[in-house]
2 protein chains.
Amino acid sequence: MTEPRWLNADERRAWLAQVSINTLLPAALDTQLHHARKLSLFDYNVLAMLSEADGRFLPMSELAARTSASLSRLSHVVTKLQNRGWVERRPHPGDARVTTAHLTDAGMETIEELAPGHVEAVRSLFLDALSAEDVADLARIGEKIVGRLDEDHWILRESKQS
Amino acid sequence: MTEPRWLNADERRAWLAQVSINTLLPAALDTQLHHARKLSLFDYNVLAMLSEADGRFLPMSELAARTSASLSRLSHVVTKLQNRGWVERRPHPGDARVTTAHLTDAGMETIEELAPGHVEAVRSLFLDALSAEDVADLARIGEKIVGRLDEDHWILRESKQS
DNA sequence: CCGATGAAGTTGAACCGTCAATCTTAAATT
DNA sequence: AATTTAAGATTGACGGTTCAACTTCATCGG
């Protein structure tokens, strides 16, 4: 029953800013992508991760990790993307439990069409607000936070490149 | 039709970290609050903003601004909180278009009960990853981003205290 | 003082995400 | 080898969010 340590001024500012960014940024990007091709930021990230993967496919579990999503959420979304002809499911040859999600040619075309506008939106809503030092600081700080939320998060492997 | 400027290494790291934080952090806090009292982070923020307001009430529009939400979303949520007895709606005496949301005594008790655990969770998932300088940097950078997303965001008024 | 414009707010439908239950297959235990 | 345990994935129901349509009321220009 000890008194909790409330937030000091900087902590409060950092926290409130984070909450606002969390709400406003995905909303703005969702809107842009929805207008362009009726998909969400999450849909886009799924396609983007597949497009960058070797052979343009990944096991569902790995894809879930790379999009920070639950397997359940991913499964629903892949079903939707499959219905639009952008993704295919195939069984994994070596392990019958595993399903792999493959980006189709149509899916690749879609993301290539969408990428320039999306990158522009990320710049204008996010990166253009910041100096190069800010971006470097934010990368460092952001990865610390990600490490707190998930010690084994894949993006930490990427930048550590041991 | 000029070639888009793709993200450089730091930009990509900052952006990917932001996307992951955006997904994982609200999910973790939602889970904590949902276990404690069956409410979401957004519900909590609504109650928190009311509890900090003069007289424990705010017009719907102002409450929407302070929670970075659409009026529609807020209206649905206030209806839910009203059904639980934590919030009341009242007409505004001066302007008949305005509805004010008031925090009830039961609502106040609820947020006082919830606050210590929530602050602890914010610390352990977010702030404890960072040094004091990190927090200050993040506050500064975060407010820059918020300013990009919404020039007139209320949190910018708070810290400028001119 | 009257009509147009726009702000404040609500509502219902459609869509998305979460949770718990379930299924199949691999690995570990004995 | 049989049994148990855990990993990978899917599904349906439920609750939350968004979008568009609508209502009410204030304000501004004539």
# chains A, B, ... in the order shown; residues from 1 in each chain; ligands from 1
>>> interface_residues(of="chain A", to="chain C", cutoff="7 Å", atoms="only C-alpha atoms (C1' of nucleotides)", output="PyMOL selection string")
chain A and resi 73+96-97
>>> calpha_fit_and_write(fixed="chain A", moving="chain B", output="mmCIF file with C-alpha atoms, in the first residue's frame")
data_model
loop_
_atom_site.group_PDB
_atom_site.id
_atom_site.type_symbol
_atom_site.label_atom_id
_atom_site.label_comp_id
_atom_site.auth_asym_id
_atom_site.auth_seq_id
_atom_site.Cartn_x
_atom_site.Cartn_y
_atom_site.Cartn_z
ATOM 1 C CA MET B 1 0.135 -0.214 -0.148
ATOM 2 C CA THR B 2 2.958 2.271 -0.689
ATOM 3 C CA GLU B 3 2.060 5.529 -2.418
ATOM 4 C CA PRO B 4 2.721 5.229 -6.145
ATOM 5 C CA ARG B 5 5.377 7.434 -7.725
ATOM 6 C CA TRP B 6 3.396 9.804 -9.947
ATOM 7 C CA LEU B 7 4.864 11.125 -13.158
ATOM 8 C CA ASN B 8 7.130 14.164 -13.089
ATOM 9 C CA ALA B 9 6.830 16.951 -15.681
ATOM 10 C CA ASP B 10 9.007 15.402 -18.378
ATOM 11 C CA GLU B 11 7.581 11.959 -17.834
ATOM 12 C CA ARG B 12 4.085 13.302 -18.153
ATOM 13 C CA ARG B 13 4.945 15.221 -21.307
ATOM 14 C CA ALA B 14 6.634 12.199 -22.864
ATOM 15 C CA TRP B 15 3.742 9.955 -21.930
ATOM 16 C CA LEU B 16 0.959 12.254 -23.099
ATOM 17 C CA ALA B 17 2.782 12.850 -26.371
ATOM 18 C CA GLN B 18 3.153 9.127 -26.870
ATOM 19 C CA VAL B 19 -0.540 8.526 -26.270
ATOM 20 C CA SER B 20 -1.510 11.252 -28.734
ATOM 21 C CA ILE B 21 0.894 9.997 -31.380
ATOM 22 C CA ASN B 22 -0.447 6.525 -30.872
ATOM 23 C CA THR B 23 -3.936 7.712 -31.634
ATOM 24 C CA LEU B 24 -3.356 10.277 -34.357
ATOM 25 C CA LEU B 25 -0.580 8.774 -36.459
ATOM 26 C CA PRO B 26 -2.142 5.418 -37.334
ATOM 27 C CA ALA B 27 -5.451 7.145 -37.929
ATOM 28 C CA ALA B 28 -3.904 9.534 -40.444
ATOM 29 C CA LEU B 29 -2.039 6.770 -42.267
ATOM 30 C CA ASP B 30 -5.096 4.540 -42.267
ATOM 31 C CA THR B 31 -7.086 7.300 -43.877
ATOM 32 C CA GLN B 32 -4.487 7.831 -46.587
ATOM 33 C CA LEU B 33 -4.245 4.132 -47.421
ATOM 34 C CA HIS B 34 -7.959 3.637 -47.220
ATOM 35 C CA HIS B 35 -8.524 6.399 -49.752
ATOM 36 C CA ALA B 36 -5.857 5.000 -52.045
ATOM 37 C CA ARG B 37 -6.774 1.312 -52.081
ATOM 38 C CA LYS B 38 -9.177 0.543 -49.242
ATOM 39 C CA LEU B 39 -6.652 -1.009 -46.934
ATOM 40 C CA SER B 40 -5.445 -0.317 -43.430
ATOM 41 C CA LEU B 41 -1.973 0.446 -42.150
ATOM 42 C CA PHE B 42 -1.843 -3.048 -40.740
ATOM 43 C CA ASP B 43 -2.785 -4.569 -44.106
ATOM 44 C CA TYR B 44 -0.046 -2.504 -45.696
ATOM 45 C CA ASN B 45 2.542 -3.643 -43.193
ATOM 46 C CA VAL B 46 1.650 -7.271 -43.802
ATOM 47 C CA LEU B 47 2.181 -6.838 -47.538
ATOM 48 C CA ALA B 48 5.356 -4.825 -46.959
ATOM 49 C CA MET B 49 6.899 -7.453 -44.697
ATOM 50 C CA LEU B 50 6.152 -10.173 -47.228
ATOM 51 C CA SER B 51 7.570 -8.104 -50.076
ATOM 52 C CA GLU B 52 10.859 -7.728 -48.208
ATOM 53 C CA ALA B 53 11.150 -11.387 -47.220
ATOM 54 C CA ASP B 54 13.282 -13.912 -49.122
ATOM 55 C CA GLY B 55 11.078 -15.540 -51.732
ATOM 56 C CA ARG B 56 8.233 -13.216 -50.743
ATOM 57 C CA PHE B 57 6.833 -15.624 -48.186
ATOM 58 C CA LEU B 58 6.926 -16.133 -44.440
ATOM 59 C CA PRO B 59 5.405 -18.533 -41.920
ATOM 60 C CA MET B 60 2.354 -17.057 -40.232
ATOM 61 C CA SER B 61 4.153 -16.949 -36.885
ATOM 62 C CA GLU B 62 7.102 -15.056 -38.269
ATOM 63 C CA LEU B 63 4.811 -12.662 -40.106
ATOM 64 C CA ALA B 64 2.888 -12.116 -36.888
ATOM 65 C CA ALA B 65 6.147 -11.315 -35.086
ATOM 66 C CA ARG B 66 7.214 -8.850 -37.771
ATOM 67 C CA THR B 67 3.900 -7.037 -37.643
ATOM 68 C CA SER B 68 3.656 -7.178 -33.832
ATOM 69 C CA ALA B 69 0.299 -8.875 -34.153
ATOM 70 C CA SER B 70 -1.421 -11.856 -32.619
ATOM 71 C CA LEU B 71 -1.743 -14.967 -34.764
ATOM 72 C CA SER B 72 -5.489 -14.600 -34.563
ATOM 73 C CA ARG B 73 -5.517 -11.096 -35.912
ATOM 74 C CA LEU B 74 -3.082 -12.022 -38.655
ATOM 75 C CA SER B 75 -5.118 -15.060 -39.644
ATOM 76 C CA HIS B 76 -8.243 -12.955 -40.139
ATOM 77 C CA VAL B 77 -6.336 -10.364 -42.142
ATOM 78 C CA VAL B 78 -4.577 -12.909 -44.336
ATOM 79 C CA THR B 79 -7.959 -14.407 -45.149
ATOM 80 C CA LYS B 80 -9.106 -10.986 -46.286
ATOM 81 C CA LEU B 81 -5.965 -10.340 -48.336
ATOM 82 C CA GLN B 82 -6.316 -13.807 -49.844
ATOM 83 C CA ASN B 83 -9.844 -12.986 -50.963
ATOM 84 C CA ARG B 84 -8.456 -9.933 -52.727
ATOM 85 C CA GLY B 85 -5.869 -12.038 -54.501
ATOM 86 C CA TRP B 86 -2.835 -10.417 -52.891
ATOM 87 C CA VAL B 87 -1.709 -13.291 -50.679
ATOM 88 C CA GLU B 88 -1.802 -17.085 -50.836
ATOM 89 C CA ARG B 89 -1.583 -19.681 -48.085
ATOM 90 C CA ARG B 90 0.534 -22.788 -48.599
ATOM 91 C CA PRO B 91 1.454 -25.659 -46.308
ATOM 92 C CA HIS B 92 5.095 -25.824 -45.196
ATOM 93 C CA PRO B 93 6.874 -28.872 -46.674
ATOM 94 C CA GLY B 94 9.005 -29.613 -43.597
ATOM 95 C CA ASP B 95 6.524 -28.999 -40.791
ATOM 96 C CA ALA B 96 2.857 -29.717 -41.285
ATOM 97 C CA ARG B 97 1.817 -27.384 -38.501
ATOM 98 C CA VAL B 98 3.203 -24.395 -40.364
ATOM 99 C CA THR B 99 1.301 -22.332 -42.911
ATOM 100 C CA THR B 100 3.254 -19.920 -45.069
ATOM 101 C CA ALA B 101 1.793 -16.732 -46.486
ATOM 102 C CA HIS B 102 3.008 -15.877 -49.993
ATOM 103 C CA LEU B 103 2.740 -12.519 -51.704
ATOM 104 C CA THR B 104 1.214 -12.944 -55.162
ATOM 105 C CA ASP B 105 2.268 -10.937 -58.208
ATOM 106 C CA ALA B 106 -0.914 -8.913 -57.861
ATOM 107 C CA GLY B 107 -0.004 -8.246 -54.229
ATOM 108 C CA MET B 108 3.459 -7.129 -55.240
ATOM 109 C CA GLU B 109 2.032 -4.762 -57.815
ATOM 110 C CA THR B 110 -0.299 -3.327 -55.237
ATOM 111 C CA ILE B 111 2.374 -2.572 -52.711
ATOM 112 C CA GLU B 112 4.678 -1.109 -55.347
ATOM 113 C CA GLU B 113 1.855 1.147 -56.370
ATOM 114 C CA LEU B 114 1.151 2.147 -52.782
ATOM 115 C CA ALA B 115 4.678 2.533 -51.430
ATOM 116 C CA PRO B 116 5.602 5.987 -52.765
ATOM 117 C CA GLY B 117 2.482 7.630 -51.384
ATOM 118 C CA HIS B 118 2.820 5.857 -48.090
ATOM 119 C CA VAL B 119 6.462 6.834 -47.638
ATOM 120 C CA GLU B 120 5.527 10.402 -48.493
ATOM 121 C CA ALA B 121 2.833 10.314 -45.820
ATOM 122 C CA VAL B 122 5.233 8.890 -43.242
ATOM 123 C CA ARG B 123 7.643 11.694 -44.049
ATOM 124 C CA SER B 124 5.131 14.477 -43.976
ATOM 125 C CA LEU B 125 3.351 13.308 -40.816
ATOM 126 C CA PHE B 126 6.323 12.084 -38.846
ATOM 127 C CA LEU B 127 9.887 12.468 -40.088
ATOM 128 C CA ASP B 128 9.621 15.982 -41.506
ATOM 129 C CA ALA B 129 8.964 17.257 -37.995
ATOM 130 C CA LEU B 130 12.418 16.117 -36.918
ATOM 131 C CA SER B 131 16.076 16.962 -37.427
ATOM 132 C CA ALA B 132 18.587 14.250 -38.263
ATOM 133 C CA GLU B 133 19.694 14.178 -34.623
ATOM 134 C CA ASP B 134 16.096 13.855 -33.499
ATOM 135 C CA VAL B 135 15.651 10.881 -35.786
ATOM 136 C CA ALA B 136 18.788 9.217 -34.446
ATOM 137 C CA ASP B 137 17.719 9.884 -30.853
ATOM 138 C CA LEU B 138 14.263 8.562 -31.554
ATOM 139 C CA ALA B 139 15.627 5.413 -33.180
ATOM 140 C CA ARG B 140 17.792 4.761 -30.146
ATOM 141 C CA ILE B 141 15.089 5.539 -27.587
ATOM 142 C CA GLY B 142 12.392 3.755 -29.568
ATOM 143 C CA GLU B 143 14.423 0.577 -29.691
ATOM 144 C CA LYS B 144 14.941 0.744 -25.940
ATOM 145 C CA ILE B 145 11.194 0.875 -25.461
ATOM 146 C CA VAL B 146 10.593 -1.952 -27.905
ATOM 147 C CA GLY B 147 13.125 -3.992 -25.937
ATOM 148 C CA ARG B 148 11.112 -3.399 -22.787
ATOM 149 C CA LEU B 149 7.898 -4.453 -24.440
ATOM 150 C CA ASP B 150 9.382 -7.530 -26.076
ATOM 151 C CA GLU B 151 12.957 -8.569 -25.366
ATOM 152 C CA ASP B 152 13.202 -10.733 -28.464
ATOM 153 C CA HIS B 153 11.569 -8.361 -30.905
ATOM 154 C CA TRP B 154 12.846 -8.924 -34.438
ATOM 155 C CA ILE B 155 13.776 -5.299 -35.075
ATOM 156 C CA LEU B 156 16.389 -5.581 -32.353
ATOM 157 C CA ARG B 157 18.031 -8.420 -34.253
ATOM 158 C CA GLU B 158 18.079 -6.296 -37.394
ATOM 159 C CA SER B 159 20.013 -3.370 -36.004
ATOM 160 C CA LYS B 160 22.382 -5.409 -33.830
ATOM 161 C CA GLN B 161 23.659 -7.345 -36.888
ATOM 162 C CA SER B 162 26.296 -9.020 -34.711
#
>>> interface_residues(of="chain D", to="chain A", cutoff="10 Å", atoms="only C-alpha atoms (C1' of nucleotides)", output="JSON, numbers by chain")
{"D": [7, 8, 9, 10, 11]}
>>> decode(residues="region 74-134 of chain B", atoms="C-alpha atoms", output="mmCIF file, in the first residue's frame")
data_model
loop_
_atom_site.group_PDB
_atom_site.id
_atom_site.type_symbol
_atom_site.label_atom_id
_atom_site.label_comp_id
_atom_site.auth_asym_id
_atom_site.auth_seq_id
_atom_site.Cartn_x
_atom_site.Cartn_y
_atom_site.Cartn_z
ATOM 1 C CA LEU B 74 -16.266 9.539 -27.748
ATOM 2 C CA SER B 75 -20.050 9.600 -27.908
ATOM 3 C CA HIS B 76 -20.226 5.807 -28.058
ATOM 4 C CA VAL B 77 -17.770 5.452 -25.193
ATOM 5 C CA VAL B 78 -19.493 8.020 -22.996
ATOM 6 C CA THR B 79 -22.737 6.129 -23.488
ATOM 7 C CA LYS B 80 -21.008 3.008 -22.231
ATOM 8 C CA LEU B 81 -19.433 4.780 -19.253
ATOM 9 C CA GLN B 82 -22.806 6.343 -18.483
ATOM 10 C CA ASN B 83 -24.397 2.904 -18.368
ATOM 11 C CA ARG B 84 -21.786 1.901 -15.812
ATOM 12 C CA GLY B 85 -22.589 4.923 -13.692
ATOM 13 C CA TRP B 86 -19.193 6.590 -14.036
ATOM 14 C CA VAL B 87 -20.176 9.532 -16.225
ATOM 15 C CA GLU B 88 -23.258 11.702 -16.699
ATOM 16 C CA ARG B 89 -24.346 13.848 -19.626
ATOM 17 C CA ARG B 90 -25.807 17.291 -18.988
ATOM 18 C CA PRO B 91 -26.875 20.083 -21.314
ATOM 19 C CA HIS B 92 -24.708 23.217 -21.285
ATOM 20 C CA PRO B 93 -26.598 26.212 -19.835
ATOM 21 C CA GLY B 94 -25.100 28.804 -22.200
ATOM 22 C CA ASP B 95 -25.100 26.915 -25.492
ATOM 23 C CA ALA B 96 -27.786 24.382 -26.248
ATOM 24 C CA ARG B 97 -25.666 22.598 -28.815
ATOM 25 C CA VAL B 98 -23.135 21.616 -26.177
ATOM 26 C CA THR B 99 -23.309 18.496 -24.033
ATOM 27 C CA THR B 100 -21.017 18.260 -21.038
ATOM 28 C CA ALA B 101 -19.726 14.988 -19.648
ATOM 29 C CA HIS B 102 -19.465 14.895 -15.849
ATOM 30 C CA LEU B 103 -17.487 12.415 -13.796
ATOM 31 C CA THR B 104 -19.692 10.937 -11.072
ATOM 32 C CA ASP B 105 -18.471 10.100 -7.575
ATOM 33 C CA ALA B 106 -18.486 6.439 -8.547
ATOM 34 C CA GLY B 107 -16.369 7.315 -11.582
ATOM 35 C CA MET B 108 -13.935 9.218 -9.411
ATOM 36 C CA GLU B 109 -13.622 6.285 -7.050
ATOM 37 C CA THR B 110 -12.965 3.989 -9.954
ATOM 38 C CA ILE B 111 -10.167 6.030 -11.404
ATOM 39 C CA GLU B 112 -8.578 6.563 -8.000
ATOM 40 C CA GLU B 113 -8.632 2.837 -7.538
ATOM 41 C CA LEU B 114 -7.134 2.236 -10.969
ATOM 42 C CA ALA B 115 -4.524 4.989 -11.114
ATOM 43 C CA PRO B 116 -1.716 3.448 -9.039
ATOM 44 C CA GLY B 117 -1.682 0.222 -11.023
ATOM 45 C CA HIS B 118 -1.894 2.053 -14.296
ATOM 46 C CA VAL B 119 0.970 4.405 -13.468
ATOM 47 C CA GLU B 120 3.014 1.406 -12.389
ATOM 48 C CA ALA B 121 2.307 -0.251 -15.729
ATOM 49 C CA VAL B 122 3.261 2.884 -17.651
ATOM 50 C CA ARG B 123 6.517 2.982 -15.726
ATOM 51 C CA SER B 124 7.376 -0.647 -16.118
ATOM 52 C CA LEU B 125 6.459 -0.864 -19.810
ATOM 53 C CA PHE B 126 7.693 2.509 -20.956
ATOM 54 C CA LEU B 127 9.536 4.893 -18.651
ATOM 55 C CA ASP B 128 11.725 2.367 -16.848
ATOM 56 C CA ALA B 129 13.441 1.627 -20.149
ATOM 57 C CA LEU B 130 14.729 5.192 -20.297
ATOM 58 C CA SER B 131 17.206 7.488 -18.580
ATOM 59 C CA ALA B 132 16.170 10.956 -17.460
ATOM 60 C CA GLU B 133 17.814 12.430 -20.560
ATOM 61 C CA ASP B 134 15.967 9.963 -22.754
#
